[in-house]
Amino acid sequence: MSSTDSPRPNHTVTAIVVAHDGARWLGETLAALLRQTRPIDRAVGVDNGSRDGSAALLSGTLGRSAVLTLPRSTSFGQAVAEVLDRLGPAEGREWLWLLHDDCAPDDDALEALLKAADDDPGAAVLGPKLRDWLDRRLLLEVGVTVDLRGRRDTGIEPREFDQGQYSGTRDVLSVSTAGMLVRRDVWEEVGGLDPFLPLFRDDLDLCWRIRSAGYRVRNVTQAVAWHAEAAGRRRRRITVSGDHP
């Protein structure tokens with residue numbers, strides 16, 4: 001390293017996997033988490049009152065001491081907040097890697113996200129390109145915005161295949177909490193996910209507040225994750241909210 005080069009921060013990554021009746025997908029998600037080319041520093045699982053064996057999957061993979069059990073009515077944001085309360089204060093530059101039980105990252109996803117963080121110190125949130133769990137050619141998200149009526153908009157056509165047409169790292173209004181990498185100090189600065197948004201659009205609200213605080217939100221297409229969108233597509237029953245996106 002030359003005298004003009006600035007040292008790269010020593011990142012610590014805490015992965016938080018939140019499950020709610022997600023055993024159908026959770027095994028693959030956990031396996032993908034453990035295959036990362038840049039290993040995570042610690043992992044915590046949260047089971048929100050599952051009745052399908054999700055808690056046993058979390059404990060069997062992460063260890064019982066690394067798994068919290070919360071009521072079925074617990075929201076995603078509340079689950080993450082409970083984890084952070086129990087972990088204590090952050091040490092150094094800590095990142096939270098948020099994973100839904102139905103979101104499996106590619107093996108080098110975390111490595112690509114952290115490289116993008118190194119390249120842009122102003123970025124506080126980074127998200128992967130999301131593709132469909134079943135048809136893995138289909139694009140789901142490369143960042144999210146809102147239209148003039150305030151509706152969530154991905155800018156992707158129905159059944160649009162990934163042919164590299166969105167390649168690159170770019171500023172976006174929001175990324176999904178499915179695979180979101182967020183600086184813990186910034187998360188705490190803005191207050192985390194809003195408890196009044198228990199399931200849908202909580203990620204959009206969080207990223208909007210983070211951008212308003214002067215940080216950048218970026219989508220990193222070199223990082224890929226496959227998402228089943230089980231709640232949004234009504235592939236399972238959701239207890240925390242009766243709303244539909």
# chains A, B, ... in the order shown; residues from 1 in each chain; ligands from 1
>>> residues_around(residues="Ala56 (chain A)", least_positions_apart="2", cutoff="12 Å", atoms="only C-alpha atoms", output="list of chain:residue names")
A:Ala19, A:Asp21, A:Gly22, A:Ala23, A:Leu26, A:Gly27, A:Gly45, A:Val46, A:Asp47, A:Gly49, A:Ser50, A:Arg51, A:Asp52, A:Gly53, A:Ser54, A:Leu58, A:Ser59, A:Gly60, A:Thr61, A:Leu62, A:Gly63, A:Arg64, A:Ala66, A:Val67, A:Leu68, A:Thr69
>>> select_by_dssp(residues="region 101-219 of chain A", states="alpha helix (DSSP H)", output="list in words")
Ala109, Leu110, Glu111, Ala112, Leu113, Leu114, Lys115, Ala116, Ala117, Asp118, Asp119, Arg184, Asp185, Val186, Trp187, Glu188, Glu189, Val190, Asp202, Asp203, Leu204, Asp205, Leu206, Cys207, Trp208, Arg209, Ile210, Arg211 and Ser212 of chain A
>>> residues_around(residues="His100 (chain A)", least_positions_apart="4", cutoff="7 Å", atoms="only C-alpha atoms", output="PyMOL selection string")
chain A and resi 17-19+178
>>> select_by_dssp(residues="region 18-123 of chain A", states="strand (DSSP E)", output="MDAnalysis selection string")
chainID A and resid 18:19 42:48 67:70 93:100 103:105 123
>>> closest_residue(among="A:Leu140, A:Asp102, A:Lys115, A:Leu110", to="Arg35 (chain A)", atoms="only C-alpha atoms")
A:Leu110
>>> closest_residue(among="A:Arg183, A:Arg211, A:His11, A:Lys129", to="Asp41 (chain A)", atoms="only C-alpha atoms")
A:His11
>>> atom_distance(atom1="CA of Ile16 (chain A)", atom2="CA of Ala79 (chain A)")
9.1 Å
>>> residues_around(residues="Val172 (chain A)", least_positions_apart="4", cutoff="8 Å", atoms="only C-alpha atoms", output="list of chain:residue names")
A:Gly143, A:Val144, A:Thr145, A:Val217, A:Arg218, A:Asn219
>>> residues_around(residues="Phe196 (chain A)", least_positions_apart="4", cutoff="10 Å", atoms="only C-alpha atoms", output="short mmCIF file (atom, residue, chain, number, x, y, z; two decimals) with all heavy atoms, in the first residue's frame")
data_model
loop_
_atom_site.label_atom_id
_atom_site.label_comp_id
_atom_site.auth_asym_id
_atom_site.auth_seq_id
_atom_site.Cartn_x
_atom_site.Cartn_y
_atom_site.Cartn_z
N SER A 75 -43.05 -8.85 13.94
CA SER A 75 -42.72 -8.40 12.59
C SER A 75 -41.25 -8.63 12.30
O SER A 75 -40.44 -8.89 13.21
CB SER A 75 -43.04 -6.92 12.43
OG SER A 75 -42.13 -6.13 13.18
N GLY A 77 -39.05 -6.37 11.38
CA GLY A 77 -38.28 -5.32 12.04
C GLY A 77 -38.14 -5.53 13.53
O GLY A 77 -37.08 -5.28 14.11
N ASP A 202 -41.76 -1.74 4.49
CA ASP A 202 -40.87 -1.30 5.57
C ASP A 202 -39.47 -1.01 5.03
O ASP A 202 -38.78 -0.09 5.51
CB ASP A 202 -40.82 -2.32 6.70
CG ASP A 202 -40.53 -3.74 6.23
OD1 ASP A 202 -40.54 -3.99 5.01
OD2 ASP A 202 -40.30 -4.61 7.09
#
>>> closest_residue(among="A:Val175, A:Val142, A:Ala124, A:Ala112", to="Thr37 (chain A)", atoms="only C-alpha atoms")
A:Ala112
>>> atom_distance(atom1="CA of Pro105 (chain A)", atom2="CA of Ala32 (chain A)")
5.9 Å
>>> residues_around(residues="region 131-138 of chain A", least_positions_apart="2", cutoff="9 Å", atoms="only C-alpha atoms", output="PyMOL selection string")
chain A and resi 102-104+129+140-141+158-163+224-229
>>> write_last_selection(atoms="N, CA, C and O atoms", output="CSV table (one decimal), in the first residue's frame")
chain,number,residue,atom,x,y,z
A,102,ASP,N,-36.8,-17.2,2.8
A,102,ASP,CA,-37.0,-17.6,1.5
A,102,ASP,C,-36.1,-16.9,0.5
A,102,ASP,O,-36.4,-16.6,-0.7
A,103,CYS,N,-34.9,-16.5,1.0
A,103,CYS,CA,-33.9,-15.8,0.1
A,103,CYS,C,-32.6,-16.4,0.2
A,103,CYS,O,-31.9,-16.3,1.3
A,104,ALA,N,-32.1,-17.0,-0.8
A,104,ALA,CA,-30.8,-17.7,-0.8
A,104,ALA,C,-29.8,-16.9,-1.7
A,104,ALA,O,-29.9,-16.8,-2.9
A,129,LYS,N,-28.9,-8.0,-6.6
A,129,LYS,CA,-29.9,-8.3,-7.6
A,129,LYS,C,-30.7,-9.5,-7.2
A,129,LYS,O,-30.2,-10.5,-6.8
A,140,LEU,N,-36.4,-10.1,-10.5
A,140,LEU,CA,-37.4,-9.6,-9.6
A,140,LEU,C,-37.1,-8.1,-9.3
A,140,LEU,O,-38.0,-7.3,-9.3
A,141,GLU,N,-35.8,-7.8,-8.9
A,141,GLU,CA,-35.5,-6.5,-8.4
A,141,GLU,C,-34.0,-6.2,-8.7
A,141,GLU,O,-33.2,-7.0,-8.5
A,158,PRO,N,-42.9,-7.7,-16.6
A,158,PRO,CA,-43.3,-9.1,-16.2
A,158,PRO,C,-42.5,-10.1,-17.0
A,158,PRO,O,-42.3,-10.0,-18.2
A,159,ARG,N,-41.9,-11.1,-16.2
A,159,ARG,CA,-41.2,-12.2,-16.8
A,159,ARG,C,-40.0,-11.7,-17.7
A,159,ARG,O,-39.7,-12.3,-18.7
A,160,GLU,N,-39.3,-10.7,-17.2
A,160,GLU,CA,-38.1,-10.2,-17.8
A,160,GLU,C,-36.9,-11.1,-17.4
A,160,GLU,O,-36.7,-11.2,-16.2
A,161,PHE,N,-36.2,-11.6,-18.4
A,161,PHE,CA,-35.1,-12.5,-18.1
A,161,PHE,C,-33.8,-11.6,-17.8
A,161,PHE,O,-33.7,-10.5,-18.3
A,162,ASP,N,-33.0,-12.1,-17.0
A,162,ASP,CA,-31.7,-11.4,-16.7
A,162,ASP,C,-30.7,-11.8,-17.8
A,162,ASP,O,-30.2,-12.9,-17.9
A,163,GLN,N,-30.4,-10.8,-18.6
A,163,GLN,CA,-29.4,-10.9,-19.7
A,163,GLN,C,-28.2,-9.9,-19.5
A,163,GLN,O,-27.6,-9.6,-20.4
A,224,VAL,N,-26.0,-11.6,-6.3
A,224,VAL,CA,-27.2,-12.2,-6.7
A,224,VAL,C,-27.8,-13.0,-5.6
A,224,VAL,O,-27.1,-13.7,-4.8
A,225,ALA,N,-29.2,-12.9,-5.4
A,225,ALA,CA,-29.9,-13.8,-4.5
A,225,ALA,C,-31.2,-14.2,-5.1
A,225,ALA,O,-31.8,-13.4,-5.9
A,226,TRP,N,-31.7,-15.4,-4.8
A,226,TRP,CA,-32.9,-15.9,-5.3
A,226,TRP,C,-34.0,-15.8,-4.2
A,226,TRP,O,-33.8,-16.2,-3.1
A,227,HIS,N,-35.1,-15.2,-4.6
A,227,HIS,CA,-36.2,-14.9,-3.6
A,227,HIS,C,-37.5,-15.5,-4.0
A,227,HIS,O,-37.9,-15.3,-5.1
A,228,ALA,N,-38.1,-16.2,-3.1
A,228,ALA,CA,-39.4,-16.8,-3.4
A,228,ALA,C,-40.6,-15.9,-3.2
A,228,ALA,O,-41.7,-16.2,-3.7
A,229,GLU,N,-40.4,-14.8,-2.5
A,229,GLU,CA,-41.5,-13.8,-2.3
A,229,GLU,C,-42.7,-14.5,-1.7
A,229,GLU,O,-43.8,-14.3,-2.1
>>> atom_distance(atom1="CA of Leu98 (chain A)", atom2="CA of Val182 (chain A)")
8.1 Å
>>> residues_around(residues="Leu181 (chain A)", least_positions_apart="3", cutoff="6 Å", atoms="only C-alpha atoms", output="list in words")
Leu96, Trp97, Val125 and Leu126 of chain A
>>> write_last_selection(atoms="C-alpha atoms", output="PDB file, in the first residue's frame")
ATOM      1  CA  LEU A  96     -26.093  -6.306   9.335  1.00  0.00           C
ATOM      2  CA  TRP A  97     -26.935  -8.779   6.577  1.00  0.00           C
ATOM      3  CA  VAL A 125     -27.164   0.189   2.385  1.00  0.00           C
ATOM      4  CA  LEU A 126     -26.315  -2.268  -0.376  1.00  0.00           C
TER       5      LEU A 126
END
